$ cat model-v8.pdb   # PDB, C-alpha atoms, pLDDT in the B column
ATOM      1  CA  MET A   1    -145.900  63.011   3.867  1.00 91.00           C
ATOM      2  CA  GLU A   2    -146.761  66.326   5.510  1.00 94.00           C
ATOM      3  CA  LEU A   3    -145.420  69.413   3.748  1.00 97.00           C
ATOM      4  CA  LYS A   4    -146.344  71.841   6.509  1.00 97.00           C
ATOM      5  CA  ASP A   5    -143.228  72.669   8.543  1.00 97.00           C
ATOM      6  CA  SER A   6    -141.038  70.640   6.182  1.00 98.00           C
ATOM      7  CA  VAL A   7    -137.640  71.903   5.032  1.00 98.00           C
ATOM      8  CA  ALA A   8    -137.023  71.629   1.293  1.00 98.00           C
ATOM      9  CA  LEU A   9    -133.985  72.109  -0.910  1.00 98.00           C
ATOM     10  CA  VAL A  10    -134.536  72.738  -4.630  1.00 98.00           C
ATOM     11  CA  THR A  11    -131.616  72.622  -7.066  1.00 98.00           C
ATOM     12  CA  GLY A  12    -131.828  74.993 -10.003  1.00 97.00           C
ATOM     13  CA  GLY A  13    -134.341  76.804  -7.836  1.00 97.00           C
ATOM     14  CA  ASN A  14    -133.953  80.354  -9.093  1.00 97.00           C
ATOM     15  CA  ARG A  15    -136.086  80.093 -12.245  1.00 94.00           C
ATOM     16  CA  GLY A  16    -138.460  77.916 -14.244  1.00 94.00           C
ATOM     17  CA  ILE A  17    -139.721  74.741 -12.619  1.00 95.00           C
ATOM     18  CA  GLY A  18    -137.368  75.163  -9.668  1.00 97.00           C
ATOM     19  CA  GLU A  19    -138.709  78.629  -8.896  1.00 97.00           C
ATOM     20  CA  ALA A  20    -142.260  77.263  -9.073  1.00 98.00           C
ATOM     21  CA  PHE A  21    -141.322  74.528  -6.598  1.00 98.00           C
ATOM     22  CA  VAL A  22    -139.947  77.101  -4.160  1.00 98.00           C
ATOM     23  CA  ARG A  23    -143.160  79.103  -4.228  1.00 98.00           C
ATOM     24  CA  ALA A  24    -145.286  75.960  -3.986  1.00 98.00           C
ATOM     25  CA  PHE A  25    -143.423  74.786  -0.882  1.00 98.00           C
ATOM     26  CA  LEU A  26    -143.892  78.198   0.717  1.00 98.00           C
ATOM     27  CA  ALA A  27    -147.617  78.134  -0.047  1.00 98.00           C
ATOM     28  CA  ALA A  28    -147.837  74.612   1.406  1.00 98.00           C
ATOM     29  CA  GLY A  29    -146.398  75.814   4.709  1.00 98.00           C
ATOM     30  CA  SER A  30    -142.789  74.671   4.548  1.00 98.00           C
ATOM     31  CA  ALA A  31    -140.756  76.138   7.395  1.00 98.00           C
ATOM     32  CA  ARG A  32    -137.740  76.769   5.192  1.00 98.00           C
ATOM     33  CA  VAL A  33    -136.831  76.415   1.531  1.00 98.00           C
ATOM     34  CA  TYR A  34    -133.238  76.368   0.339  1.00 98.00           C
ATOM     35  CA  VAL A  35    -132.842  77.718  -3.187  1.00 98.00           C
ATOM     36  CA  ALA A  36    -129.766  76.056  -4.636  1.00 98.00           C
ATOM     37  CA  THR A  37    -128.338  78.067  -7.528  1.00 98.00           C
ATOM     38  CA  ARG A  38    -124.977  78.645  -9.166  1.00 97.00           C
ATOM     39  CA  ASP A  39    -125.239  82.361  -8.373  1.00 97.00           C
ATOM     40  CA  VAL A  40    -127.151  83.359  -5.224  1.00 97.00           C
ATOM     41  CA  ALA A  41    -127.775  86.808  -6.695  1.00 97.00           C
ATOM     42  CA  ASN A  42    -130.193  85.141  -9.128  1.00 97.00           C
ATOM     43  CA  ALA A  43    -132.349  83.985  -6.194  1.00 98.00           C
ATOM     44  CA  ARG A  44    -132.629  87.382  -4.498  1.00 98.00           C
ATOM     45  CA  HIS A  45    -136.239  87.840  -5.619  1.00 97.00           C
ATOM     46  CA  LEU A  46    -137.258  84.582  -3.930  1.00 98.00           C
ATOM     47  CA  VAL A  47    -135.385  85.449  -0.752  1.00 98.00           C
ATOM     48  CA  ASP A  48    -137.229  88.778  -0.697  1.00 97.00           C
ATOM     49  CA  GLU A  49    -140.568  87.029  -1.240  1.00 96.00           C
ATOM     50  CA  GLY A  50    -139.933  84.388   1.385  1.00 97.00           C
ATOM     51  CA  GLY A  51    -140.285  86.489   4.496  1.00 95.00           C
ATOM     52  CA  GLY A  52    -137.284  84.874   6.143  1.00 97.00           C
ATOM     53  CA  ARG A  53    -138.204  81.348   5.053  1.00 98.00           C
ATOM     54  CA  VAL A  54    -136.048  81.257   1.880  1.00 98.00           C
ATOM     55  CA  VAL A  55    -132.281  80.779   1.980  1.00 98.00           C
ATOM     56  CA  ALA A  56    -130.144  81.001  -1.158  1.00 98.00           C
ATOM     57  CA  VAL A  57    -127.316  78.462  -1.372  1.00 98.00           C
ATOM     58  CA  THR A  58    -124.472  78.458  -3.876  1.00 98.00           C
ATOM     59  CA  LEU A  59    -124.546  75.109  -5.639  1.00 98.00           C
ATOM     60  CA  ASP A  60    -123.352  73.773  -8.972  1.00 98.00           C
ATOM     61  CA  VAL A  61    -124.286  70.080  -8.943  1.00 98.00           C
ATOM     62  CA  SER A  62    -121.283  69.235 -11.114  1.00 98.00           C
ATOM     63  CA  LYS A  63    -118.917  70.372  -8.343  1.00 98.00           C
ATOM     64  CA  PRO A  64    -118.533  67.834  -5.504  1.00 98.00           C
ATOM     65  CA  GLU A  65    -117.066  70.393  -3.109  1.00 98.00           C
ATOM     66  CA  GLN A  66    -120.160  72.589  -3.461  1.00 98.00           C
ATOM     67  CA  ILE A  67    -122.460  69.621  -2.856  1.00 98.00           C
ATOM     68  CA  GLU A  68    -120.472  68.777   0.268  1.00 98.00           C
ATOM     69  CA  ALA A  69    -120.686  72.378   1.467  1.00 98.00           C
ATOM     70  CA  ALA A  70    -124.441  72.518   0.832  1.00 98.00           C
ATOM     71  CA  ALA A  71    -124.996  69.319   2.805  1.00 98.00           C
ATOM     72  CA  ALA A  72    -122.937  70.707   5.690  1.00 98.00           C
ATOM     73  CA  LEU A  73    -124.996  73.920   5.686  1.00 98.00           C
ATOM     74  CA  CYS A  74    -128.466  72.452   5.149  1.00 98.00           C
ATOM     75  CA  GLN A  75    -128.620  69.912   7.945  1.00 98.00           C
ATOM     76  CA  ASP A  76    -132.384  70.177   8.462  1.00 98.00           C
ATOM     77  CA  VAL A  77    -133.562  69.204   4.963  1.00 98.00           C
ATOM     78  CA  SER A  78    -136.460  66.744   4.839  1.00 98.00           C
ATOM     79  CA  ILE A  79    -137.302  67.072   1.125  1.00 98.00           C
ATOM     80  CA  LEU A  80    -134.786  67.205  -1.732  1.00 99.00           C
ATOM     81  CA  VAL A  81    -135.893  68.241  -5.218  1.00 98.00           C
ATOM     82  CA  ASN A  82    -133.270  67.524  -7.876  1.00 98.00           C
ATOM     83  CA  ASN A  83    -134.366  69.937 -10.566  1.00 98.00           C
ATOM     84  CA  ALA A  84    -131.130  71.375 -12.028  1.00 97.00           C
ATOM     85  CA  GLY A  85    -130.600  70.222 -15.591  1.00 96.00           C
ATOM     86  CA  GLN A  86    -128.741  70.890 -18.810  1.00 96.00           C
ATOM     87  CA  PHE A  87    -129.755  70.599 -22.466  1.00 95.00           C
ATOM     88  CA  SER A  88    -126.972  71.399 -24.935  1.00 95.00           C
ATOM     89  CA  MET A  89    -129.086  71.274 -28.141  1.00 93.00           C
ATOM     90  CA  GLN A  90    -126.509  69.129 -29.929  1.00 95.00           C
ATOM     91  CA  THR A  91    -127.155  65.692 -31.383  1.00 95.00           C
ATOM     92  CA  LEU A  92    -124.960  62.711 -30.620  1.00 97.00           C
ATOM     93  CA  MET A  93    -123.558  62.380 -34.154  1.00 96.00           C
ATOM     94  CA  THR A  94    -123.231  66.015 -35.238  1.00 96.00           C
ATOM     95  CA  ALA A  95    -121.674  67.467 -32.083  1.00 97.00           C
ATOM     96  CA  PRO A  96    -117.993  68.305 -32.676  1.00 97.00           C
ATOM     97  CA  ASP A  97    -116.928  66.103 -29.748  1.00 98.00           C
ATOM     98  CA  LEU A  98    -118.304  64.362 -26.671  1.00 98.00           C
ATOM     99  CA  SER A  99    -118.075  67.343 -24.343  1.00 98.00           C
ATOM    100  CA  ALA A 100    -121.797  68.244 -24.574  1.00 98.00           C
ATOM    101  CA  ALA A 101    -122.933  64.675 -23.965  1.00 98.00           C
ATOM    102  CA  ARG A 102    -120.511  64.316 -21.055  1.00 98.00           C
ATOM    103  CA  SER A 103    -121.738  67.575 -19.526  1.00 98.00           C
ATOM    104  CA  GLU A 104    -125.387  66.548 -19.853  1.00 98.00           C
ATOM    105  CA  MET A 105    -124.635  63.247 -18.137  1.00 98.00           C
ATOM    106  CA  GLU A 106    -122.699  65.069 -15.428  1.00 98.00           C
ATOM    107  CA  ILE A 107    -125.505  67.527 -14.679  1.00 98.00           C
ATOM    108  CA  ASN A 108    -128.538  65.313 -15.316  1.00 98.00           C
ATOM    109  CA  TYR A 109    -127.312  62.011 -13.863  1.00 98.00           C
ATOM    110  CA  PHE A 110    -124.170  62.245 -11.724  1.00 98.00           C
ATOM    111  CA  GLY A 111    -125.268  65.539 -10.148  1.00 98.00           C
ATOM    112  CA  PRO A 112    -128.606  64.246  -8.819  1.00 98.00           C
ATOM    113  CA  LEU A 113    -126.947  61.003  -7.737  1.00 98.00           C
ATOM    114  CA  ALA A 114    -124.308  62.931  -5.807  1.00 98.00           C
ATOM    115  CA  MET A 115    -127.043  65.012  -4.177  1.00 98.00           C
ATOM    116  CA  CYS A 116    -128.918  61.871  -3.144  1.00 98.00           C
ATOM    117  CA  ARG A 117    -125.758  60.407  -1.632  1.00 98.00           C
ATOM    118  CA  ALA A 118    -124.868  63.596   0.229  1.00 98.00           C
ATOM    119  CA  PHE A 119    -128.338  64.219   1.636  1.00 98.00           C
ATOM    120  CA  ALA A 120    -129.474  60.654   2.362  1.00 98.00           C
ATOM    121  CA  PRO A 121    -128.033  60.689   5.922  1.00 98.00           C
ATOM    122  CA  ILE A 122    -129.729  64.031   6.592  1.00 98.00           C
ATOM    123  CA  LEU A 123    -133.058  62.811   5.232  1.00 98.00           C
ATOM    124  CA  GLY A 124    -132.735  59.640   7.275  1.00 98.00           C
ATOM    125  CA  ARG A 125    -132.928  61.610  10.526  1.00 98.00           C
ATOM    126  CA  HIS A 126    -136.580  62.423   9.862  1.00 98.00           C
ATOM    127  CA  ARG A 127    -139.501  60.129  10.546  1.00 96.00           C
ATOM    128  CA  GLU A 128    -140.436  60.579   6.888  1.00 96.00           C
ATOM    129  CA  SER A 129    -138.581  62.312   4.082  1.00 98.00           C
ATOM    130  CA  ALA A 130    -138.590  62.552   0.313  1.00 98.00           C
ATOM    131  CA  ILE A 131    -136.526  62.971  -2.823  1.00 99.00           C
ATOM    132  CA  ALA A 132    -138.144  64.120  -6.075  1.00 98.00           C
ATOM    133  CA  ASN A 133    -136.068  63.879  -9.245  1.00 98.00           C
ATOM    134  CA  VAL A 134    -137.323  66.095 -12.070  1.00 98.00           C
ATOM    135  CA  LEU A 135    -136.908  63.964 -15.179  1.00 98.00           C
ATOM    136  CA  SER A 136    -138.340  64.048 -18.698  1.00 97.00           C
ATOM    137  CA  ALA A 137    -140.594  62.296 -21.158  1.00 96.00           C
ATOM    138  CA  GLY A 138    -137.321  62.164 -23.095  1.00 96.00           C
ATOM    139  CA  GLY A 139    -136.256  59.693 -20.432  1.00 97.00           C
ATOM    140  CA  ILE A 140    -138.971  57.156 -21.275  1.00 98.00           C
ATOM    141  CA  VAL A 141    -138.713  57.459 -25.072  1.00 97.00           C
ATOM    142  CA  ALA A 142    -135.488  58.314 -26.908  1.00 96.00           C
ATOM    143  CA  VAL A 143    -135.595  61.682 -28.690  1.00 95.00           C
ATOM    144  CA  PRO A 144    -132.699  61.823 -31.204  1.00 96.00           C
ATOM    145  CA  GLY A 145    -133.001  65.578 -31.661  1.00 93.00           C
ATOM    146  CA  MET A 146    -132.209  66.077 -27.979  1.00 93.00           C
ATOM    147  CA  GLY A 147    -128.797  64.417 -28.272  1.00 96.00           C
ATOM    148  CA  GLY A 148    -127.198  63.473 -24.971  1.00 97.00           C
ATOM    149  CA  TYR A 149    -130.045  64.964 -22.933  1.00 97.00           C
ATOM    150  CA  SER A 150    -132.428  62.088 -23.610  1.00 97.00           C
ATOM    151  CA  PRO A 151    -129.959  59.297 -22.627  1.00 98.00           C
ATOM    152  CA  SER A 152    -128.994  61.235 -19.498  1.00 98.00           C
ATOM    153  CA  LYS A 153    -132.641  61.333 -18.432  1.00 98.00           C
ATOM    154  CA  PHE A 154    -132.970  57.597 -19.070  1.00 98.00           C
ATOM    155  CA  ALA A 155    -130.007  57.153 -16.737  1.00 98.00           C
ATOM    156  CA  GLY A 156    -131.606  59.496 -14.199  1.00 98.00           C
ATOM    157  CA  ARG A 157    -134.781  57.454 -14.201  1.00 98.00           C
ATOM    158  CA  ALA A 158    -132.913  54.191 -13.623  1.00 98.00           C
ATOM    159  CA  MET A 159    -130.892  55.851 -10.859  1.00 98.00           C
ATOM    160  CA  THR A 160    -134.126  56.991  -9.213  1.00 98.00           C
ATOM    161  CA  THR A 161    -135.386  53.400  -9.092  1.00 98.00           C
ATOM    162  CA  CYS A 162    -132.137  52.150  -7.573  1.00 98.00           C
ATOM    163  CA  VAL A 163    -131.953  54.919  -4.965  1.00 98.00           C
ATOM    164  CA  ARG A 164    -135.588  54.285  -4.051  1.00 98.00           C
ATOM    165  CA  ALA A 165    -134.736  50.687  -3.230  1.00 98.00           C
ATOM    166  CA  GLU A 166    -131.686  51.636  -1.171  1.00 98.00           C
ATOM    167  CA  LEU A 167    -133.463  54.307   0.869  1.00 98.00           C
ATOM    168  CA  ALA A 168    -136.708  52.440   1.485  1.00 98.00           C
ATOM    169  CA  ALA A 169    -135.459  51.188   4.855  1.00 97.00           C
ATOM    170  CA  GLN A 170    -135.057  54.747   6.168  1.00 98.00           C
ATOM    171  CA  ASN A 171    -138.560  55.723   5.016  1.00 97.00           C
ATOM    172  CA  THR A 172    -137.371  58.152   2.342  1.00 98.00           C
ATOM    173  CA  SER A 173    -139.682  58.126  -0.663  1.00 98.00           C
ATOM    174  CA  VAL A 174    -137.964  58.671  -4.019  1.00 98.00           C
ATOM    175  CA  THR A 175    -140.158  59.949  -6.840  1.00 98.00           C
ATOM    176  CA  ALA A 176    -139.489  60.260 -10.575  1.00 98.00           C
ATOM    177  CA  LEU A 177    -141.327  63.255 -12.004  1.00 98.00           C
ATOM    178  CA  ILE A 178    -141.780  62.777 -15.750  1.00 98.00           C
ATOM    179  CA  VAL A 179    -142.092  66.170 -17.417  1.00 96.00           C
ATOM    180  CA  GLY A 180    -143.141  66.850 -20.996  1.00 90.00           C
ATOM    181  CA  SER A 181    -143.557  70.286 -22.550  1.00 84.00           C
ATOM    182  CA  VAL A 182    -143.209  73.195 -20.120  1.00 81.00           C
ATOM    183  CA  ASP A 183    -142.891  76.932 -20.671  1.00 62.00           C
ATOM    184  CA  THR A 184    -139.296  77.408 -19.495  1.00 64.00           C
ATOM    185  CA  ARG A 185    -136.132  78.839 -21.019  1.00 60.00           C
ATOM    186  CA  MET A 186    -134.878  75.306 -21.642  1.00 64.00           C
ATOM    187  CA  ALA A 187    -137.957  74.650 -23.808  1.00 56.00           C
ATOM    188  CA  SER A 188    -137.981  77.960 -25.670  1.00 52.00           C
ATOM    189  CA  HIS A 189    -137.335  76.089 -28.940  1.00 59.00           C
ATOM    190  CA  VAL A 190    -140.394  73.857 -28.499  1.00 60.00           C
ATOM    191  CA  GLU A 191    -143.475  74.784 -30.511  1.00 61.00           C
ATOM    192  CA  GLY A 192    -147.091  74.369 -29.484  1.00 59.00           C
ATOM    193  CA  PHE A 193    -148.852  74.441 -26.148  1.00 57.00           C
ATOM    194  CA  LYS A 194    -146.656  74.215 -23.051  1.00 69.00           C
ATOM    195  CA  GLU A 195    -147.716  73.735 -19.446  1.00 86.00           C
ATOM    196  CA  THR A 196    -146.764  76.300 -16.845  1.00 92.00           C
ATOM    197  CA  PRO A 197    -143.996  75.539 -14.345  1.00 94.00           C
ATOM    198  CA  ASP A 198    -146.616  75.926 -11.601  1.00 96.00           C
ATOM    199  CA  THR A 199    -148.486  72.909 -12.989  1.00 95.00           C
ATOM    200  CA  ILE A 200    -145.369  70.776 -12.702  1.00 96.00           C
ATOM    201  CA  ALA A 201    -144.603  71.975  -9.185  1.00 97.00           C
ATOM    202  CA  GLN A 202    -148.128  71.234  -7.981  1.00 97.00           C
ATOM    203  CA  ALA A 203    -147.972  67.757  -9.511  1.00 97.00           C
ATOM    204  CA  GLY A 204    -144.625  67.294  -7.783  1.00 98.00           C
ATOM    205  CA  LEU A 205    -145.942  68.296  -4.369  1.00 98.00           C
ATOM    206  CA  LYS A 206    -148.914  65.978  -4.794  1.00 98.00           C
ATOM    207  CA  ALA A 207    -146.543  63.124  -5.651  1.00 98.00           C
ATOM    208  CA  ILE A 208    -144.378  63.874  -2.599  1.00 98.00           C
ATOM    209  CA  ARG A 209    -147.425  63.904  -0.332  1.00 98.00           C
ATOM    210  CA  LYS A 210    -148.471  60.496  -1.655  1.00 98.00           C
ATOM    211  CA  GLY A 211    -144.973  59.016  -1.730  1.00 98.00           C
ATOM    212  CA  ALA A 212    -145.535  58.076  -5.386  1.00 98.00           C
ATOM    213  CA  ASP A 213    -142.837  56.185  -7.273  1.00 98.00           C
ATOM    214  CA  GLU A 214    -143.349  57.850 -10.665  1.00 98.00           C
ATOM    215  CA  VAL A 215    -145.750  60.520 -11.903  1.00 98.00           C
ATOM    216  CA  ASP A 216    -146.443  61.995 -15.338  1.00 97.00           C
ATOM    217  CA  THR A 217    -146.781  65.678 -14.501  1.00 96.00           C
ATOM    218  CA  ASP A 218    -148.445  67.133 -17.595  1.00 95.00           C
ATOM    219  CA  PHE A 219    -150.529  66.327 -20.655  1.00 93.00           C
ATOM    220  CA  MET A 220    -147.559  65.640 -22.936  1.00 92.00           C
ATOM    221  CA  ALA A 221    -145.884  63.240 -20.528  1.00 95.00           C
ATOM    222  CA  VAL A 222    -149.182  61.356 -20.232  1.00 96.00           C
ATOM    223  CA  ASP A 223    -149.521  61.298 -24.037  1.00 95.00           C
ATOM    224  CA  VAL A 224    -145.981  60.034 -24.573  1.00 96.00           C
ATOM    225  CA  ARG A 225    -146.475  57.190 -22.108  1.00 97.00           C
ATOM    226  CA  ALA A 226    -149.788  56.239 -23.702  1.00 97.00           C
ATOM    227  CA  ASN A 227    -148.231  56.121 -27.170  1.00 97.00           C
ATOM    228  CA  LEU A 228    -145.271  54.160 -25.820  1.00 97.00           C
ATOM    229  CA  ALA A 229    -147.652  51.531 -24.460  1.00 97.00           C
ATOM    230  CA  ARG A 230    -149.786  51.508 -27.620  1.00 97.00           C
ATOM    231  CA  ASP A 231    -147.093  51.306 -30.319  1.00 97.00           C
ATOM    232  CA  PRO A 232    -143.479  51.818 -29.194  1.00 96.00           C
ATOM    233  CA  LYS A 233    -142.027  51.425 -32.691  1.00 96.00           C
ATOM    234  CA  ALA A 234    -144.348  54.025 -34.170  1.00 96.00           C
ATOM    235  CA  LEU A 235    -143.406  56.412 -31.380  1.00 96.00           C
ATOM    236  CA  GLU A 236    -139.699  55.775 -31.999  1.00 95.00           C
ATOM    237  CA  LEU A 237    -140.132  56.566 -35.685  1.00 94.00           C
ATOM    238  CA  SER A 238    -142.103  59.719 -34.920  1.00 94.00           C
ATOM    239  CA  MET A 239    -139.230  60.946 -32.759  1.00 93.00           C
ATOM    240  CA  ARG A 240    -137.014  61.035 -35.836  1.00 91.00           C
ATOM    241  CA  ARG A 241    -138.831  64.196 -36.871  1.00 84.00           C
ATOM    242  CA  SER A 242    -136.896  66.043 -34.189  1.00 78.00           C
ATOM    243  CA  LEU A 243    -133.724  65.577 -36.238  1.00 84.00           C
ATOM    244  CA  SER A 244    -135.106  67.725 -39.036  1.00 73.00           C
ATOM    245  CA  GLY A 245    -136.123  70.539 -36.722  1.00 62.00           C
ATOM    246  CA  GLU A 246    -139.793  69.624 -36.642  1.00 57.00           C
ATOM    247  CA  ARG A 247    -141.793  69.908 -33.447  1.00 52.00           C
ATOM    248  CA  VAL A 248    -140.030  68.214 -30.571  1.00 49.00           C
ATOM    249  CA  THR A 249    -142.307  66.126 -28.366  1.00 46.00           C
ATOM    250  CA  THR A 250    -140.608  66.745 -25.045  1.00 48.00           C
ATOM    251  CA  GLY A 251    -139.474  70.066 -23.650  1.00 47.00           C
ATOM    252  CA  ARG A 252    -137.916  69.524 -20.219  1.00 55.00           C
TER
END
$ encode --input "model-v8.pdb" --output "structure tokens"
Amino acid sequence: MELKDSVALVTGGNRGIGEAFVRAFLAAGSARVYVATRDVANARHLVDEGGGRVVAVTLDVSKPEQIEAAAALCQDVSILVNNAGQFSMQTLMTAPDLSAARSEMEINYFGPLAMCRAFAPILGRHRESAIANVLSAGGIVAVPGMGGYSPSKFAGRAMTTCVRAELAAQNTSVTALIVGSVDTRMASHVEGFKETPDTIAQAGLKAIRKGADEVDTDFMAVDVRANLARDPKALELSMRRSLSGERVTTGR
């Protein structure tokens, strides 16, 4: 898929990986990039940088009316990047109730699914189009210390596969981007080396160009998948360390 003159929409686009995607699309020659954010004031710096090619859009992916409004406004989108996410830092058994787990599923699974549904007709108008769902290595191996976040990313990965099948006929590629440890606010608790958001964005653009089904975007995602293939039980047991506050393997 050609990125030059494309029109992209990035959810959670005002910081972290989303911000890196916005800048990467601009550098690749996209005609317009919509920065979807809960508060458009937080995207002002990107609008200023964009030279008229960046448009800030109010969007909370847990609110259907805002998704509907964004789809009505952004009728020229050819690439959708579902990047917005939530990590509540509560485990499944120690959280006081189910509200954190429900919120993580709402933001990390139902939100991207609703975005895919809303924008599929718009994407289908183009000769070629793409969806990239920013997922997690915590979506290919369960990380108990991440609570409801890890199961929500498993669900997001399965959803990506199903949507890919449904949209194949309209020539919309649907890519799962598996992200490990990245230097973002969400991963501020993670120790050790972390990739830059720019690395993830560049891997994402490469995957979109190729129409790839699933891509491990950084060294940790690659390592997790390798260990999963080598000895899944050993990897499962190693993930228990996250419950005691030891180094968490995944950080997106």
$ residues_around --input "model-v8.pdb" --residues "His126 in chain A" --least-positions-apart "6" --cutoff "12 Å" --atoms "only C-alpha atoms" --output "list in words"
Met1, Glu2, Ser6, Val7, Gln75, Asp76, Val77, Ser78, Ile79, Phe119, Ala120, Gln170, Asn171, Thr172 and Ser173 of chain A
$ atom_distance --input "model-v8.pdb" --atom1 "CA of Glu128 in chain A" --atom2 "CA of Ala114 in chain A"
20.7 Å
$ residues_around --input "model-v8.pdb" --residues "Leu243 in chain A" --least-positions-apart "3" --cutoff "12 Å" --atoms "all atoms listed in the file" --output "list of chain:residue names"
A:Met89, A:Gln90, A:Thr91, A:Leu92, A:Met93, A:Thr94, A:Ala142, A:Val143, A:Pro144, A:Gly145, A:Met146, A:Gly147, A:Leu237, A:Ser238, A:Met239, A:Arg240, A:Glu246, A:Arg247, A:Val248, A:Thr249
$ resolve_selection --input "model-v8.pdb" --expression "the PyMOL selection byres ((chain A and resi 205) around 10)" --output "JSON, numbers by chain"
{"A": [1, 3, 21, 24, 25, 28, 132, 200, 201, 202, 203, 204, 206, 207, 208, 209, 210, 211]}
$ closest_residue --input "model-v8.pdb" --among "A:Asn108, A:Thr11, A:Ser99, A:Thr37" --to "Asn82 in chain A" --atoms "all atoms listed in the file"
A:Thr11
$ resolve_selection --input "model-v8.pdb" --expression "the PyMOL selection byres ((chain A and resi 227-234) around 12)" --output "list in words"
Ala137, Gly138, Gly139, Ile140, Val141, Ala142, Met220, Ala221, Val222, Asp223, Val224, Arg225, Ala226, Leu235, Glu236, Leu237, Ser238, Met239, Arg240, Arg241 and Thr249 of chain A
$ closest_residue --input "model-v8.pdb" --among "A:Val55, A:Ile17, A:Ala71, A:Ile131" --to "Gly85 in chain A" --atoms "all atoms listed in the file"
A:Ile17
$ atom_distance --input "model-v8.pdb" --atom1 "CA of Tyr149 in chain A" --atom2 "CA of Ala70 in chain A"
25.6 Å
$ atom_distance --input "model-v8.pdb" --atom1 "CA of Val54 in chain A" --atom2 "CA of Ala84 in chain A"
17.8 Å
$ axis_aligned_box --input "model-v8.pdb" --around "range 109-124 of chain A" --padding-each-side "6 Å" --output "JSON"
{"center_x": -128.6, "center_y": 62.6, "center_z": -3.3, "size_x": 20.9, "size_y": 17.9, "size_z": 33.1}
